[in-house]
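Report on the structure given below.
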Amino acid sequence: MGRFALTGCLMAMLSQCADLGVSEKRAPVVRLAKPVSGLHDGNVYPQAYRLAYQQIILGRKKEKHAPSESIHHYLTAADIAYESGSDSLLPLYNHAVGQLADMLVQHPGARKASGITIVSNTDGTFASIHDIIPADCLKARGWRTMVKQDGVGAPVVIRREKNAITGVDQILATPIGLSYPATAVLEFNPGKRPQLRFYDPTKHADIRFWGKRRPLANHLTMPLAVSLEQGSPVWKDTLLKWFGVFVPMHFVRNMQLYMTAPFDADKIPLILVHGLKADPTIWHDVMNELNRDATIRGKYQILAFYYPTGLPLRIPSAALKRELNKLYGHYTKAGRGHVGRQMVIVGHSLGGVLTSVNVRRIEKGLMRKVFRTPVDHTQLNAGAMEEYQYLINGPDPHFVKRVIFIATPHQGSRRADVYPVRLLTSLVKIPQNLLFLKVPETAAALTDFGRSLFGTEKKENSLSLLRSQSATLKIVTDSPIYHHIKYHSIMGDRGKGNTPNSSDGVVDYQSSHLDGASSELIVPSGHNAYEHPKAIEEITRILHLHLKND
């Protein structure tokens with residue numbers, strides 16, 4: 001993705017986006033032309049391998065014009081490989097099963113004629129699946145590592161369109177729907193119809209196959225790649241990301257929590273909140289490498305909060321609070337409120353500030369310090385008043401138990417004081433009816449503290465918030481974090497090792513440091529500390545600690 005040519009500090013502050021992409025391989029079966037080196041087990045069946053491979057080639061050739069015949073060829077290939085009982089033919093078996101599953105979704109009529117029984121151990125019914133994509137037919141760029149496991153079965157990406165999903169999954173799905181992993185296994189039993197079974201690889205590490213327990217194959221990166229690639233046009237287009245800063249009201253309708261896997265009320269909610277000029281795709285390496293850990297992927301439900309980053313702080317902060325309360329409501333409705341009450345939030349940069357607003361006890365009488373006259377008698381924006389009242393007087397976050405702040409400017413950033421940023425601040429387009437104050441009509445109603453908080457500026461947005469002298473940030477940081485919430489800090493020092501005089505290039509250590517943190521880690525990175533391997537290791541450590549209630 002292209003990036004704007006700005007000064008160094010602005011580039012670091014504003015250019016956080018993931019250069020991701022998923023595409024289909026042109027010739028996915030070429031690698032199967034001969035047995036994979038290292039799979040020979042002393043029982044190699046050259047003729048069986050050749051016959052199974054030929055059936056796969058025939059199946060691929062007939063996919064478009066003769067789907068029923070194509071399904072028959074893939075079924076035959078899988079049968080030959082299965083009957084061989086040889087690990088050398090397992091790659092052919094897996095590929096044939098993946099292609100077979102894909103064809104059965106694309107051609108419901110041929111599915112009925114195939115004689116195959118379908119059993120789903122994953123969420124939802126087979127009929128509601130929009131698409132199945134064999135993972136070995138895809139390639140993805142922009143990922144530091146591929147989280148996968150060799151073994152039995154065909155790792156696939158299951159896709160469900162939003163209108164085919166019900167309940168919580170529909171509420172928290174991306175605008176495109178849900179994409180998540182499964183592993184397809186075709187079972188052949190004498191006297192019975194072949195049975196195609198789908199396993200959830202986040203819950204099953206092995207299965208019984210060929211008479212003994214064997215590892216279940218999985219590919220956990222590819223479904224995540226598809227989910228982030230197809231999540232929302234805003235997440236893929238660099239220009240639209242900038243529009244999220246400068247014309248944020250165009251994207252307010254997309255502001256909510258999103259899942260990358262079906263809702264599981266037995267898993268602890270882990271919320272990721274991105275920073276300025278960013279979106280959920282920045283967390284791709286974090287999500288991916290957390291999935292590498294079997295305990296974490298089995299115990300945590302990962303969700304990401306998207307918000308247009310040019311909005312005044314109150315709007316996304318209030319939206320985040322509402323989304324967190326709604327999410328907890330889903331857990332209580334499922335009878336798993338005790339799981340929802342273990343919520344963890346990870347916030348990067350501006351996302352850390354939003355998180356901070358939501359986990360602090362803001363003084364209830366704040367408005368009396370801001371206005372000389374009763375709030376009801378001032379010319380305030382009704383929507384803004386409602387958001388502030390909700391932030392201050394809304395439900396306490398009793399269900400949030402732990403927070404991880406990453407490169408968060410609790411005291412603002414001196415980089416935001418420079419002229420180029422002040423210029424950009426003036427370019428953010430927010431309708432006048434959404435600003436908190438009607439200037440100068442309400443100026444007389446402000447106390448001295450209120451004037452220091454809002455001044456007479458007409459601009460109230462995320463860039464103005466980040467200034468080192470921001471009175472709004474001072475209100476937040478002067479408010480205590482709820483005593484039941486444990487919090488941690490991760491920040492970068494660009495590898496200079498000069499803490500406490502360090503900086504990540506955007507935020508100084510003194511601004512990101514918090515007294516009372518349960519832990520603090522300095523990593524040798526810039527402002528994008530969230531993606532550094534040591535930061536991900538630290539997040540992993542903290543999540544394991546959380547499971548022990550430490």
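Following the order of the structure tokens, chains are lettered A, B, ..., residues in each are numbered from 1, and ligands are numbered from 1.
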Could you make a table, as JSON lines, of the residues of range 268-382 of chain A that have an atom within 8 Å of an atom of range 480-497 of chain A, each with its nearest atom pair and distance in Å to one decimal, counting only C-alpha atoms, in chain and number order?
{"residue": "A:Ser356", "atom": "CA", "partner": "A:Ile481", "partner_atom": "CA", "distance": 7.8}
{"residue": "A:Val359", "atom": "CA", "partner": "A:Ile481", "partner_atom": "CA", "distance": 5.7}
{"residue": "A:Arg360", "atom": "CA", "partner": "A:Ile481", "partner_atom": "CA", "distance": 4.1}
{"residue": "A:Arg361", "atom": "CA", "partner": "A:Pro480", "partner_atom": "CA", "distance": 5.6}
{"residue": "A:Ile362", "atom": "CA", "partner": "A:Pro480", "partner_atom": "CA", "distance": 7.5}
Got time to write the residues from that selection, C-alpha atoms, as a JSON list (two decimals), in the first residue's frame?
[["chain", "number", "residue", "atom", "x", "y", "z"],
["A", 356, "SER", "CA", -7.87, 4.51, 29.45],
["A", 359, "VAL", "CA", -11.21, 1.97, 32.75],
["A", 360, "ARG", "CA", -10.91, 5.11, 34.91],
["A", 361, "ARG", "CA", -13.28, 6.41, 37.54],
["A", 362, "ILE", "CA", -14.04, 9.86, 36.12]]
| request: Skip Val168 in chain A itself and residues of its chain fewer than 4 positions away, then list as number ranges by chain all residues within 10 Å of it, counting only C-alpha atoms. | output: A: 172-173, 262-264, 327, 330-331
Just N, CA and C atoms for this one: save the residues we selected as a PDB file, in the first residue's frame.
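Output below, filename again.pdb:
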ATOM      1  N   LEU A 172     -21.591  -9.400  15.452  1.00  0.00           N
ATOM      2  CA  LEU A 172     -20.161  -9.123  15.571  1.00  0.00           C
ATOM      3  C   LEU A 172     -19.367  -9.512  14.320  1.00  0.00           C
ATOM      4  N   ALA A 173     -20.049  -9.970  13.290  1.00  0.00           N
ATOM      5  CA  ALA A 173     -19.361 -10.306  12.040  1.00  0.00           C
ATOM      6  C   ALA A 173     -18.931  -9.043  11.315  1.00  0.00           C
ATOM      7  N   PRO A 262     -16.281 -17.473  14.994  1.00  0.00           N
ATOM      8  CA  PRO A 262     -17.607 -17.518  15.624  1.00  0.00           C
ATOM      9  C   PRO A 262     -17.533 -17.289  17.130  1.00  0.00           C
ATOM     10  N   PHE A 263     -18.578 -16.691  17.671  1.00  0.00           N
ATOM     11  CA  PHE A 263     -18.642 -16.375  19.095  1.00  0.00           C
ATOM     12  C   PHE A 263     -18.663 -17.657  19.922  1.00  0.00           C
ATOM     13  N   ASP A 264     -17.839 -17.688  20.951  1.00  0.00           N
ATOM     14  CA  ASP A 264     -17.775 -18.828  21.861  1.00  0.00           C
ATOM     15  C   ASP A 264     -17.826 -18.273  23.287  1.00  0.00           C
ATOM     16  N   LEU A 327     -21.212  -6.573  24.573  1.00  0.00           N
ATOM     17  CA  LEU A 327     -20.503  -7.851  24.518  1.00  0.00           C
ATOM     18  C   LEU A 327     -20.696  -8.627  25.816  1.00  0.00           C
ATOM     19  N   HIS A 330     -23.942 -10.316  25.879  1.00  0.00           N
ATOM     20  CA  HIS A 330     -24.016 -11.583  25.134  1.00  0.00           C
ATOM     21  C   HIS A 330     -23.563 -12.746  26.018  1.00  0.00           C
ATOM     22  N   TYR A 331     -22.542 -12.507  26.834  1.00  0.00           N
ATOM     23  CA  TYR A 331     -22.055 -13.565  27.733  1.00  0.00           C
ATOM     24  C   TYR A 331     -23.099 -13.894  28.798  1.00  0.00           C
TER      25      TYR A 331
END
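Nearest residue to Val152 in chain A among A:Ser86, A:Asp550, A:Met103, A:Asp169 is A:Ser86, counting only C-alpha atoms.
Summary of the local environment: counting only C-alpha atoms, residues at most 7 Å from range 200-210 of chain A, other than itself and those fewer than 4 positions away along its chain, are Gly85, Asn121, Thr122, Pro181, Ala182, Thr183, Arg214, Pro215, Leu216, Asn218, Arg297 and Gly298 of chain A.
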Selection export as an mmCIF file, in the first residue's frame, atoms kept: C-alpha atoms:
data_model
loop_
_atom_site.group_PDB
_atom_site.id
_atom_site.type_symbol
_atom_site.label_atom_id
_atom_site.label_comp_id
_atom_site.auth_asym_id
_atom_site.auth_seq_id
_atom_site.Cartn_x
_atom_site.Cartn_y
_atom_site.Cartn_z
ATOM 1 C CA GLY A 85 -2.668 -46.551 4.800
ATOM 2 C CA ASN A 121 -18.276 -30.287 14.221
ATOM 3 C CA THR A 122 -17.862 -26.554 13.615
ATOM 4 C CA PRO A 181 -10.700 -22.306 10.138
ATOM 5 C CA ALA A 182 -11.855 -25.884 9.898
ATOM 6 C CA THR A 183 -10.250 -29.186 8.949
ATOM 7 C CA ARG A 214 -2.699 -38.627 14.730
ATOM 8 C CA PRO A 215 -2.196 -34.833 14.638
ATOM 9 C CA LEU A 216 -5.047 -32.964 12.984
ATOM 10 C CA ASN A 218 -4.582 -27.039 10.499
ATOM 11 C CA ARG A 297 -6.486 -19.906 21.106
ATOM 12 C CA GLY A 298 -8.519 -22.333 23.193
#
| query | So what do you get for CA of Gly21 in chain A versus CA of Thr221 in chain A, distance-wise? | reply |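 One can read the CA of Gly21 in chain A to CA of Thr221 in chain A distance as 12.2 Å.
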| query | Which is closer to Glu63 in chain A than all the others in A:Asp150, A:Glu24, A:Glu531, A:Asp102, using only C-alpha atoms? | reply |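 Closest to Glu63 in chain A, using only C-alpha atoms: A:Asp102.
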For the contact check between range 285-318 of chain A and range 390-401 of chain A, emit one row per residue of range 285-318 of chain A within 12 Å, containing the shortest atom pair and the distance in Å rounded to one decimal, counting only C-alpha atoms, chain then rising number order, as a tab-separated table.
residue	atom	partner	partner_atom	distance
A:Leu313	CA	A:Leu391	CA	10.9
A:Arg314	CA	A:Leu391	CA	7.9
A:Ile315	CA	A:Leu391	CA	9.8
A:Pro316	CA	A:Leu391	CA	10.6
A:Ser317	CA	A:Leu391	CA	7.6
A:Ala318	CA	A:Leu391	CA	5.8
| field | Interatomic distance (Å, one decimal) between CA of Val156 in chain A and CA of Ala66 in chain A | value |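 Answer for the CA of Val156 in chain A to CA of Ala66 in chain A separation: 22.8 Å.
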| message | With only C-alpha atoms as the counted atoms, please give the residues lying no more than 12 Å from range 72-76 of chain A, apart from itself and same-chain residues fewer than 4 positions off, as number ranges by chain. | response | A: 48, 51-63, 66-68, 80-83, 92-104, 110-111, 113-116, 185-188, 193-196
| query | Quick one: distance from CA of Glu229 in chain A to CA of Thr166 in chain A in Å, one decimal? | reply | 22.2 Å
| Distance criterion (only C-alpha atoms): nearest to His410 in chain A out of A:Ala135, A:Val476, A:Met287, A:Met146 | A:Val476
| From the list A:His284, A:His546, A:Lys369, A:His513, which residue is nearest Lys299 in chain A when using only C-alpha atoms? |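 Going through A:His284, A:His546, A:Lys369, A:His513 one by one, the smallest distance to Lys299 in chain A is for A:His546.
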| said: Can you pull out every residue from range 316-405 of chain A that DSSP, working from the backbone, puts in helix (DSSP H, G or I), and format the result as a PyMOL selection string? | reply: chain A and resi 316-333+337-340+350-358+366-370+375-377+382-393
| query | Which residue out of A:Asp266, A:Asp87, A:Asp504, A:Asp478 has the minimum interatomic distance to Thr408 in chain A when only C-alpha atoms are used? | reply | A:Asp504
| request: Mind checking which residues fall within 8 Å of Ala261 in chain A, counting only C-alpha atoms, ignoring those fewer than 2 positions away in the same chain, and posting them as a list in words? | output: Leu178, Ser179, Tyr180, Met259, Phe263, Gln301 and Ile302 of chain A
Residues just named, written with N, CA, C and O atoms as a CSV table (one decimal), in the first residue's frame:
chain,number,residue,atom,x,y,z
A,178,LEU,N,-18.3,-13.9,8.1
A,178,LEU,CA,-17.3,-14.5,9.0
A,178,LEU,C,-16.4,-15.5,8.2
A,178,LEU,O,-17.0,-16.2,7.3
A,179,SER,N,-15.1,-15.5,8.4
A,179,SER,CA,-14.2,-16.5,7.8
A,179,SER,C,-13.5,-17.1,9.0
A,179,SER,O,-12.9,-16.4,9.8
A,180,TYR,N,-13.4,-18.4,9.0
A,180,TYR,CA,-12.8,-19.1,10.1
A,180,TYR,C,-12.2,-20.5,9.7
A,180,TYR,O,-12.7,-21.0,8.7
A,259,MET,N,-15.5,-9.7,15.1
A,259,MET,CA,-14.8,-11.0,15.4
A,259,MET,C,-14.2,-11.5,14.2
A,259,MET,O,-14.6,-11.2,13.1
A,263,PHE,N,-18.6,-16.7,17.7
A,263,PHE,CA,-18.6,-16.4,19.1
A,263,PHE,C,-18.7,-17.7,19.9
A,263,PHE,O,-19.4,-18.6,19.6
A,301,GLN,N,-11.4,-15.4,23.1
A,301,GLN,CA,-12.1,-15.0,22.0
A,301,GLN,C,-11.5,-13.6,21.6
A,301,GLN,O,-11.7,-12.6,22.3
A,302,ILE,N,-10.9,-13.5,20.4
A,302,ILE,CA,-10.3,-12.2,20.0
A,302,ILE,C,-11.2,-11.4,19.2
A,302,ILE,O,-11.8,-11.9,18.3
| request: Could you give me the residues within range 29-258 of chain A that DSSP places in strand (DSSP E), as a ChimeraX atom specification? | output: /A:117-120,131-134,138-141,148-149,154-161,177-187,195-199,206-209,212-215,218-219,256-258
